[in-house]
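A.B. asks: Here it is, the structure, as structure tokens.
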Amino acid sequence: MKAIISHDIDHIKVTEHLFRDLIVPKSMARMSMELMSGKISVREYILRWSDFFKNKWQNIDELITFNNVRGIPSSFFIAVNKGVGLNYSNVSALLWIEQMKLRGSEIGIHGIEFDNEDAIKKEYDLFSSLTKINTFGIRMHYVRNTSKTFQLLENCGYKYDTTEHSFKNPYKIGNMWEFPFQIMDGWIIENGKSWQSRNLEEAKQSTLKLIDKAHNENLQYLGIDFHDRYFSHSFQTWLDWYVWLIDYLIQNKIEFVNYNQAILELEK
Ligand SMILES: [Zn+2]
């Protein structure tokens, strides 16, 4: 089994949310609740305030540096459309896309449209024209999908999608590869709540169970989604969990590939 690590970019700046959605007050409510329930420290609480003042809700550079040091390919999904609490502009996205390109990251779309073929195609064409990338993949924001979504993505020309959450090997829908993924940071640490409900040790134990399950199901690839937003001391448990997981996989001799490398292997 090899691992594919990917990152969804849901936020870039704090100000992109002001007067547009309720993410900022919701984050404040969440951090207060996490502090009172003892899930986060006073230091984390203060650091989250400092993120507001720094207007910084992404940790892309820091994450690429960490991945590079550990020899892990960085795959990012970044949006060119707004929706469901994702509100950054194409200008902001493009600045980071240039950084990711310079640092050798694999880049795909974080999709907003999931049930209308014309709207999906519009996102596809916009991403292609903005990034000058011709073949690329997608993961839907909040993994939204209907029974038709994957076929619509294939119709629009996507090389791969990784929205499906299941313990299945990659499979083809027409010309498109579907890469089901198994582990997402939020599912582990929030565990069905809208705030951190597990501590680091509980998060590790539930992750180990999922890795065992992937082994038992003979999966070729273990798909892991970690949001760059949480690669920060403001989210200490999330940061420690990601570092622990990567080191655990390295110690267990799991190789890392990105989606394009996996497709080359699958099509050999
Ligand atoms: Zn997202």
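Labels used: A, B, ... for chains in the order of the structure tokens, numbers from 1 for residues in each chain, and numbers from 1 for ligands as shown.
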Find the residues near Arg229 in chain A: any atom within 6 Å, counting only C-alpha atoms, skip ones fewer than 2 places away on the same chain, and give them as a PyMOL selection string.
C.D. replies: chain A and resi 57-59+227+231
A.B. asks: Write a file of the just-selected residues containing N, CA and C atoms, as a compact mmCIF listing (two decimals), in the first residue's frame.
C.D. replies:
```txt
# COMPACT_ATOMS: atom_id res chain seq x y z
N TRP A 57 -5.37 32.72 7.15
CA TRP A 57 -6.06 31.45 7.43
C TRP A 57 -5.57 30.34 6.51
N GLN A 58 -4.38 30.53 5.95
CA GLN A 58 -3.79 29.44 5.16
C GLN A 58 -2.37 29.20 5.66
N ASN A 59 -1.88 27.97 5.44
CA ASN A 59 -0.51 27.62 5.86
C ASN A 59 0.16 26.82 4.74
N HIS A 227 -6.28 19.52 5.69
CA HIS A 227 -6.45 20.92 5.30
C HIS A 227 -5.28 21.77 5.80
N PHE A 231 -2.46 23.30 9.62
CA PHE A 231 -1.01 23.06 9.81
C PHE A 231 -0.43 24.27 10.55
```
A.B. asks: Show me, as a list in words, the residues that have an atom within 6 Å of range 105-113 of chain A when counting only C-alpha atoms, minus same-chain residues fewer than 3 positions from it.
C.D. replies: Ser74, Ser75, Phe76, Phe77, Ile78, Ala79, Met100, Lys101, Ile120, Phe136, Gly137, Ile138, Arg139, Met140 and His141 of chain A
A.B. asks: Could you dump the residues just selected with C-alpha atoms as an mmCIF file, in the first residue's frame?
C.D. replies:
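Wrote it out as part_32.cif, contents follow:
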```
data_model
loop_
_atom_site.group_PDB
_atom_site.id
_atom_site.type_symbol
_atom_site.label_atom_id
_atom_site.label_comp_id
_atom_site.auth_asym_id
_atom_site.auth_seq_id
_atom_site.Cartn_x
_atom_site.Cartn_y
_atom_site.Cartn_z
ATOM 1 C CA SER A 74 2.279 17.965 -2.089
ATOM 2 C CA SER A 75 -1.098 17.796 -3.873
ATOM 3 C CA PHE A 76 -3.413 20.763 -3.443
ATOM 4 C CA PHE A 77 -7.025 21.306 -4.404
ATOM 5 C CA ILE A 78 -7.779 25.018 -4.810
ATOM 6 C CA ALA A 79 -11.040 26.672 -5.856
ATOM 7 C CA MET A 100 2.640 25.866 -5.684
ATOM 8 C CA LYS A 101 3.842 25.615 -9.278
ATOM 9 C CA ILE A 120 -18.996 22.154 -13.755
ATOM 10 C CA PHE A 136 -5.926 17.943 -13.792
ATOM 11 C CA GLY A 137 -8.176 16.428 -11.170
ATOM 12 C CA ILE A 138 -10.737 17.546 -8.643
ATOM 13 C CA ARG A 139 -12.084 17.061 -5.131
ATOM 14 C CA MET A 140 -15.437 18.618 -4.282
ATOM 15 C CA HIS A 141 -15.608 21.080 -1.412
#
```
A.B. asks: Tell me which protein, DNA and RNA residues are within 8 Å of Trp177 in chain A, counting only C-alpha atoms, leaving out same-chain ones fewer than 4 positions away, and put them as a PyMOL selection string.
C.D. replies: chain A and resi 159-161+170-173+263
A.B. asks: Check range 45-252 of chain A with DSSP on the backbone and list each residue it calls strand (DSSP E or B), as a PyMOL selection string.
C.D. replies: chain A and resi 75-78+83+86+106-111+137-140+160-161+165+171-173+176-178+181+183-184+221-225
A.B. asks: Show me, as a ChimeraX atom specification, the residues that have an atom within 8 Å of range 18-27 of chain A when counting only C-alpha atoms, minus same-chain residues fewer than 4 positions from it.
C.D. replies: /A:14,31,85,87
A.B. asks: Taking only C-alpha atoms and all ligand atoms and a cut-off of 6 Å, can you tell me which residues surround ligand 1, written as an mmCIF file with N, CA and C atoms, in the first residue's frame?
C.D. replies:
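For reference, result-v2.cif as written:
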```
data_model
loop_
_atom_site.group_PDB
_atom_site.id
_atom_site.type_symbol
_atom_site.label_atom_id
_atom_site.label_comp_id
_atom_site.auth_asym_id
_atom_site.auth_seq_id
_atom_site.Cartn_x
_atom_site.Cartn_y
_atom_site.Cartn_z
ATOM 1 N N ASP A 8 -6.880 20.324 0.877
ATOM 2 C CA ASP A 8 -7.929 21.194 0.331
ATOM 3 C C ASP A 8 -7.716 22.600 0.877
ATOM 4 N N ASP A 10 -9.509 25.758 1.783
ATOM 5 C CA ASP A 10 -10.858 26.297 2.023
ATOM 6 C C ASP A 10 -10.824 27.788 2.346
ATOM 7 N N HIS A 141 -15.549 20.441 -2.727
ATOM 8 C CA HIS A 141 -15.608 21.080 -1.412
ATOM 9 C C HIS A 141 -16.726 20.375 -0.614
ATOM 10 N N TYR A 142 -16.429 20.009 0.611
ATOM 11 C CA TYR A 142 -17.366 19.236 1.457
ATOM 12 C C TYR A 142 -17.767 17.910 0.813
#
```
A.B. asks: Rounded to one decimal, what separation in Å do you get between CA of Glu16 in chain A and CA of His165 in chain A?
C.D. replies: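 Spanning CA of Glu16 in chain A to CA of His165 in chain A is a straight-line distance of 29.1 Å.
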A.B. asks: May I have the residues within 10 Å of Glu217 in chain A as a list of chain:residue names, using only C-alpha atoms and disregarding those fewer than 3 positions away in the same chain?
C.D. replies: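 Non-adjacent residues within range: A:Phe167, A:Lys168, A:Asn169, A:Ile211, A:Asp212, A:Lys213, A:Ala214, A:Gln220.
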A.B. asks: Among range 62-228 of chain A, which ones does DSSP place in alpha helix (DSSP H), written as a PyMOL selection string?
C.D. replies: chain A and resi 62-70+90-102+117-131+149-156+185-189+200-216
A.B. asks: Give the answer as one residue: which of A:Glu34, A:Asp51, A:Glu117, A:Asp247 has the shortest atom-to-atom distance to Val69 in chain A, using only C-alpha atoms?
C.D. replies: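 Ranking A:Glu34, A:Asp51, A:Glu117, A:Asp247 by distance to Val69 in chain A, first place goes to A:Asp247.
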